[in-house]
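Colleague: To be precise about what I am sending: the file is called query-v4.cif and holds mmCIF, C-alpha atoms.
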```
data_protein
loop_
_atom_site.label_atom_id
_atom_site.label_comp_id
_atom_site.auth_asym_id
_atom_site.auth_seq_id
_atom_site.Cartn_x
_atom_site.Cartn_y
_atom_site.Cartn_z
CA MET A 1 -43.51 13.74 27.99
CA ILE A 2 -45.57 10.59 27.57
CA VAL A 3 -43.50 7.50 28.36
CA GLY A 4 -44.50 4.03 29.43
CA LEU A 5 -46.12 0.67 28.75
CA ARG A 6 -49.62 -0.23 27.55
CA ALA A 7 -51.10 -3.65 28.36
CA ALA A 8 -54.07 -3.24 25.99
CA PRO A 9 -54.48 -2.07 22.38
CA PHE A 10 -54.15 1.69 22.00
CA ALA A 11 -54.65 4.26 19.24
CA PRO A 12 -51.26 5.74 18.32
CA TRP A 13 -52.61 8.84 16.61
CA SER A 14 -54.83 9.73 19.59
CA LEU A 15 -51.78 9.43 21.83
CA LEU A 16 -49.82 11.71 19.51
CA ALA A 17 -52.67 14.23 19.46
CA GLU A 18 -52.74 14.14 23.25
CA ALA A 19 -48.99 14.84 23.34
CA GLU A 20 -49.37 17.75 20.95
CA GLN A 21 -52.26 19.23 22.92
CA ALA A 22 -50.13 19.07 26.07
CA LEU A 23 -47.63 21.51 24.56
CA SER A 24 -47.69 24.98 26.05
CA PRO A 25 -48.60 27.76 23.58
CA ALA A 26 -44.96 28.88 23.58
CA ASP A 27 -43.69 25.38 22.84
CA ARG A 28 -46.32 24.90 20.14
CA ASP A 29 -45.20 28.13 18.47
CA GLY A 30 -41.58 27.03 18.78
CA CYS A 31 -42.03 23.59 17.24
CA GLY A 32 -41.09 23.69 13.59
CA ALA A 33 -40.82 19.92 13.31
CA SER A 34 -42.26 16.73 14.71
CA SER A 35 -41.03 13.28 13.79
CA VAL A 36 -43.12 10.17 14.45
CA PHE A 37 -42.51 6.44 14.29
CA VAL A 38 -45.35 3.95 14.72
CA GLY A 39 -44.37 0.28 14.78
CA THR A 40 -47.10 -2.25 14.05
CA MET A 41 -47.21 -6.03 14.40
CA ARG A 42 -47.02 -7.92 11.10
CA ALA A 43 -48.56 -11.34 10.42
CA ASP A 44 -45.99 -12.42 7.85
CA SER A 45 -42.69 -12.62 9.71
CA GLY A 46 -41.99 -16.32 9.08
CA PRO A 47 -42.95 -19.50 7.23
CA ALA A 48 -46.49 -19.64 8.68
CA GLN A 49 -48.86 -16.77 9.42
CA VAL A 50 -48.50 -15.32 12.92
CA LEU A 51 -51.86 -15.26 14.71
CA ARG A 52 -50.71 -13.47 17.84
CA MET A 53 -47.61 -12.60 19.79
CA HIS A 54 -46.79 -12.30 23.47
CA LEU A 55 -44.55 -9.39 24.44
CA GLU A 56 -42.82 -10.14 27.72
CA HIS A 57 -40.97 -7.47 29.66
CA TYR A 58 -39.06 -7.09 32.92
CA PRO A 59 -41.41 -5.12 35.19
CA GLY A 60 -39.51 -2.25 36.75
CA MET A 61 -36.44 -2.42 34.55
CA THR A 62 -38.29 -1.90 31.26
CA GLU A 63 -40.15 1.18 32.49
CA ARG A 64 -36.96 2.59 33.98
CA MET A 65 -35.10 2.15 30.71
CA LEU A 66 -37.84 3.78 28.63
CA ALA A 67 -37.80 6.80 30.95
CA ARG A 68 -34.02 6.98 30.76
CA MET A 69 -34.06 6.84 26.95
CA ALA A 70 -36.58 9.68 26.78
CA ASP A 71 -34.49 11.74 29.23
CA ALA A 72 -31.34 11.01 27.20
CA ALA A 73 -33.05 12.20 24.01
CA CYS A 74 -34.08 15.43 25.75
CA SER A 75 -30.50 15.99 26.93
CA ARG A 76 -29.04 15.38 23.51
CA TRP A 77 -31.44 17.39 21.34
CA PRO A 78 -33.48 20.51 22.10
CA LEU A 79 -36.90 18.82 22.28
CA ARG A 80 -40.22 20.36 23.29
CA GLN A 81 -42.10 17.08 23.63
CA VAL A 82 -41.37 13.33 23.56
CA VAL A 83 -43.54 10.23 23.26
CA LEU A 84 -42.16 6.75 23.91
CA VAL A 85 -44.85 4.13 24.51
CA HIS A 86 -44.49 0.37 24.08
CA ARG A 87 -47.08 -2.38 24.14
CA VAL A 88 -46.79 -5.47 26.38
CA GLY A 89 -48.82 -8.68 26.72
CA TRP A 90 -50.77 -10.40 23.95
CA VAL A 91 -50.72 -8.53 20.64
CA ALA A 92 -52.54 -9.28 17.37
CA PRO A 93 -51.40 -8.38 13.84
CA GLY A 94 -52.24 -4.80 12.97
CA GLU A 95 -51.95 -3.58 16.56
CA THR A 96 -49.42 -0.94 17.50
CA LEU A 97 -46.25 -2.20 19.19
CA VAL A 98 -44.37 1.03 19.75
CA VAL A 99 -44.79 4.78 19.27
CA ALA A 100 -41.80 7.11 19.35
CA ALA A 101 -42.08 10.79 18.57
CA ALA A 102 -40.09 13.97 19.07
CA TRP A 103 -41.04 17.63 18.70
CA SER A 104 -38.34 20.22 18.13
CA ALA A 105 -37.67 23.58 16.58
CA HIS A 106 -35.98 22.04 13.55
CA ARG A 107 -36.25 18.79 11.63
CA ALA A 108 -32.67 17.63 12.26
CA GLY A 109 -33.26 17.26 16.00
CA ALA A 110 -36.74 15.80 15.58
CA PHE A 111 -35.59 13.16 13.08
CA ALA A 112 -32.46 12.24 15.03
CA ALA A 113 -34.23 12.01 18.38
CA CYS A 114 -37.06 9.87 16.97
CA ARG A 115 -34.57 7.51 15.34
CA TYR A 116 -32.56 7.34 18.55
CA LEU A 117 -35.65 6.44 20.59
CA VAL A 118 -36.72 3.67 18.22
CA GLU A 119 -33.28 2.11 17.93
CA THR A 120 -32.42 2.25 21.62
CA VAL A 121 -35.77 0.70 22.55
CA LYS A 122 -35.29 -2.05 20.03
CA HIS A 123 -31.75 -2.90 21.08
CA GLN A 124 -31.60 -2.12 24.79
CA ALA A 125 -35.03 -2.27 26.41
CA PRO A 126 -35.86 -5.67 27.96
CA PHE A 127 -38.67 -7.00 25.76
CA TRP A 128 -38.98 -10.52 24.36
CA LYS A 129 -41.40 -11.66 21.67
CA ARG A 130 -43.02 -15.08 21.41
CA GLU A 131 -45.01 -15.78 18.25
CA CYS A 132 -47.95 -18.18 17.91
CA ARG A 133 -48.45 -19.33 14.31
CA ALA A 134 -51.35 -20.66 12.28
CA ASP A 135 -49.66 -24.06 11.97
CA GLY A 136 -49.82 -24.52 15.75
CA THR A 137 -46.16 -23.77 16.45
CA THR A 138 -44.84 -21.17 18.87
CA SER A 139 -41.34 -19.75 18.96
CA TRP A 140 -39.31 -17.04 20.63
CA VAL A 141 -38.16 -14.34 18.25
CA THR A 142 -34.37 -14.30 18.36
CA ALA A 143 -33.60 -12.00 15.43
CA ASN A 144 -32.96 -8.31 15.82
CA THR A 145 -31.85 -5.82 13.19
CA PRO A 146 -28.27 -4.57 13.64
CA ALA A 147 -27.89 -1.52 15.83
CA PRO A 148 -27.07 1.54 13.73
CA ALA A 149 -23.68 3.20 14.05
CA GLU A 150 -23.79 6.26 16.29
CA MET B 1 -30.86 -13.35 50.56
CA ILE B 2 -30.30 -12.77 46.84
CA THR B 3 -33.20 -13.05 44.40
CA VAL B 4 -32.34 -14.53 41.01
CA ARG B 5 -34.87 -14.18 38.16
CA PHE B 6 -34.98 -15.74 34.70
CA PHE B 7 -36.89 -14.30 31.75
CA ALA B 8 -38.32 -15.42 28.40
CA SER B 9 -36.72 -18.43 26.69
CA LEU B 10 -34.16 -18.69 29.47
CA ARG B 11 -36.92 -19.20 32.06
CA GLU B 12 -38.24 -22.14 30.03
CA ARG B 13 -34.79 -23.54 29.45
CA MET B 14 -33.87 -23.39 33.13
CA GLY B 15 -37.30 -24.63 34.22
CA GLN B 16 -37.53 -21.94 36.89
CA GLU B 17 -38.67 -18.35 37.14
CA MET B 18 -37.04 -17.34 40.38
CA ARG B 19 -34.60 -18.68 42.91
CA LEU B 20 -33.64 -17.34 46.32
CA LEU B 21 -30.02 -17.74 47.31
CA PRO B 22 -29.10 -17.64 50.99
CA ALA B 23 -25.81 -16.11 49.97
CA GLY B 24 -23.52 -13.32 51.02
CA PRO B 25 -21.59 -11.07 48.64
CA CYS B 26 -20.64 -12.68 45.32
CA THR B 27 -20.44 -11.80 41.62
CA VAL B 28 -23.10 -12.11 38.92
CA ARG B 29 -21.23 -15.14 37.55
CA GLU B 30 -21.23 -16.82 40.96
CA ALA B 31 -24.94 -16.06 41.36
CA TRP B 32 -25.56 -17.82 38.02
CA ASP B 33 -23.58 -20.86 39.18
CA LEU B 34 -25.42 -21.03 42.50
CA ALA B 35 -28.89 -20.55 40.97
CA THR B 36 -28.42 -23.01 38.11
CA ASP B 37 -26.29 -25.65 39.82
CA GLN B 38 -23.41 -24.56 37.57
CA ALA B 39 -25.27 -24.96 34.27
CA GLN B 40 -23.35 -23.93 31.16
CA PRO B 41 -24.44 -20.34 30.44
CA PRO B 42 -25.93 -19.88 26.95
CA THR B 43 -24.10 -17.65 24.48
CA HIS B 44 -25.31 -14.04 24.44
CA LEU B 45 -26.61 -14.28 28.00
CA LEU B 46 -27.48 -10.87 29.50
CA ALA B 47 -27.64 -9.96 33.18
CA ALA B 48 -28.99 -7.17 35.34
CA VAL B 49 -28.50 -6.28 39.00
CA ASN B 50 -31.25 -4.25 40.68
CA LEU B 51 -32.85 -3.41 37.29
CA GLU B 52 -29.60 -2.22 35.65
CA TYR B 53 -27.56 -4.10 33.04
CA ALA B 54 -24.49 -5.62 34.69
CA ASP B 55 -21.29 -7.43 33.72
CA PHE B 56 -20.67 -10.95 34.95
CA ASP B 57 -17.91 -9.69 37.21
CA ALA B 58 -20.22 -7.13 38.85
CA PRO B 59 -20.68 -7.50 42.62
CA VAL B 60 -23.92 -8.77 44.12
CA ALA B 61 -24.82 -8.07 47.72
CA ASP B 62 -27.35 -9.39 50.17
CA GLY B 63 -30.82 -8.09 49.23
CA ASP B 64 -29.98 -7.58 45.55
CA GLU B 65 -32.06 -8.84 42.64
CA VAL B 66 -30.10 -10.49 39.82
CA ALA B 67 -31.82 -11.21 36.50
CA PHE B 68 -30.67 -13.34 33.59
CA PHE B 69 -32.22 -13.13 30.14
CA PRO B 70 -31.63 -13.70 26.41
CA PRO B 71 -30.95 -10.87 23.92
CA VAL B 72 -33.84 -8.43 23.71
CA THR B 73 -36.19 -8.30 20.71
CA GLY B 74 -38.35 -5.26 21.34
CA GLY B 75 -39.66 -2.54 19.09
CA ALA B 76 -40.72 -2.97 15.47
CA ALA B 77 -38.67 -3.09 12.27
#
```
What does the file become when written as structure tokens?

Modeller:
Amino acid sequence: MIVGLRAAPFAPWSLLAEAEQALSPADRDGCGASSVFVGTMRADSGPAQVLRMHLEHYPGMTERMLARMADAACSRWPLRQVVLVHRVGWVAPGETLVVAAAWSAHRAGAFAACRYLVETVKHQAPFWKRECRADGTTSWVTANTPAPAE
Amino acid sequence: MITVRFFASLRERMGQEMRLLPAGPCTVREAWDLATDQAQPPTHLLAAVNLEYADFDAPVADGDEVAFFPPVTGGAA
């Protein structure tokens, strides 16, 4: 399990390779499916281009919630490996914001667990975004997509 | 002593990041009133006690950390 925060840019696919390499031979043979979500910062989320964004979190609570979400996913689906890593601090367009991934014997569990991780992070983990735009304005992001029905 | 923390837009709105309350047992709502001089709470205000989400009627004891913050906007679409 690889769960936590990153304060600097990171390569999502290297992280995923690291997670896969950490599987035991038995787990690797037993994994028929892996599902991956990589969320990336966009520059076009408003009227003026976003130059950079600050991702604030609640030290202690955010890490605890990420760990709990990963544990909950493992309790709910038969997973062999989980990745849940979120960026904090200053982020530029094109940089990875979040990586969620689940390895399981079958695709149903892998898909469902990955979706669960992404949605619970987005709607429950204490993160707040502040965007700095090309026109000199800054604003807190207040919009969030609706939480999916369970 | 109770530690009250404010995050994100709420920190800017309240003009403070942290406040120490020399208070005994109370509720989250009472901690808000004491820390903000009874400011009107914004709609959709969230609270946590000792790093766990909490209701406004939840108890707060000496030594606890209470946090107030706006709705979260993490992840990516």

Colleague: Using all atoms listed in the file, which of A:Val85, A:Cys31, A:Met41, A:Ala125 sits nearest Pro59 in chain A?

Modeller: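 For Pro59 in chain A, the nearest of the candidates is A:Ala125.
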
Colleague: Using only C-alpha atoms, find which residues of chain A lie within 7 Å of chain B and jot them down as number ranges by chain.

Modeller: A: 39-40, 56, 60-61, 97-98, 118, 121-129, 140-144

Colleague: Could you tell me which residues the PyMOL selection byres ((chain B and resi 57) around 7) returns for this structure, as a list of chain:residue names?

Modeller: B:Thr27, B:Val28, B:Arg29, B:Asp55, B:Phe56, B:Ala58, B:Pro59

Colleague: Interatomic distance between CA of Ala113 in chain A and CA of Pro12 in chain A?

Modeller: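 So the two atoms, CA of Ala113 in chain A and CA of Pro12 in chain A, lie 18.1 Å apart.
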
Colleague: Could you please determine the separation between CA of Gly136 in chain A and CA of Trp90 in chain A in Å, to one decimal place?

Modeller: 16.4 Å

Colleague: Hey, can I get the axis-aligned box for range 8-22 of chain B? All listed atoms, 5 Å padding on each side, centre and edge lengths in Å to one decimal, as lines of an AutoDock Vina configuration file.

Modeller:
```
center_x = -33.9
center_y = -20.0
center_z = 38.8
size_x = 19.6
size_y = 19.2
size_z = 34.3
```

Colleague: Please, what distance in Å, to one decimal, runs between CA of Asp44 in chain A and CA of Asp135 in chain A?

Modeller: 12.9 Å

Colleague: Can you list what the PyMOL selection byres ((chain A and resi 65-76) around 7) grabs from this structure, as a list in words?

Modeller: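 Checked against the file, the PyMOL selection byres ((chain A and resi 65-76) around 7) matches Val3, Gly4, Met61, Thr62, Glu63, Arg64, Trp77, Pro78, Leu79, Val82, Leu84, Ala113, Leu117 and Ala125 of chain A.
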
Colleague: Step by step, work through what the PyMOL selection byres ((chain B and resi 23) around 8) selects in the shown file, and finish by giving those residues as a list in words.

Modeller: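 Output from the PyMOL selection byres ((chain B and resi 23) around 8), applied to this file: Met1, Ile2, Leu21, Pro22, Gly24, Pro25, Cys26 and Asp62 of chain B.
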
Colleague: Nearest residue to Gly94 in chain A out of A:Leu23, A:Glu18, A:Pro9, A:Arg133, using only C-alpha atoms?

Modeller: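 Using only C-alpha atoms, Gly94 in chain A sits closest to A:Pro9.
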
Colleague: Counting only C-alpha atoms, find the residues whose atoms lie at most 12 Å from (-47.2, -21.8, 15.4) (file coordinates) and write them out as a PyMOL selection string.

Modeller: chain A and resi 43+45-53+130-140
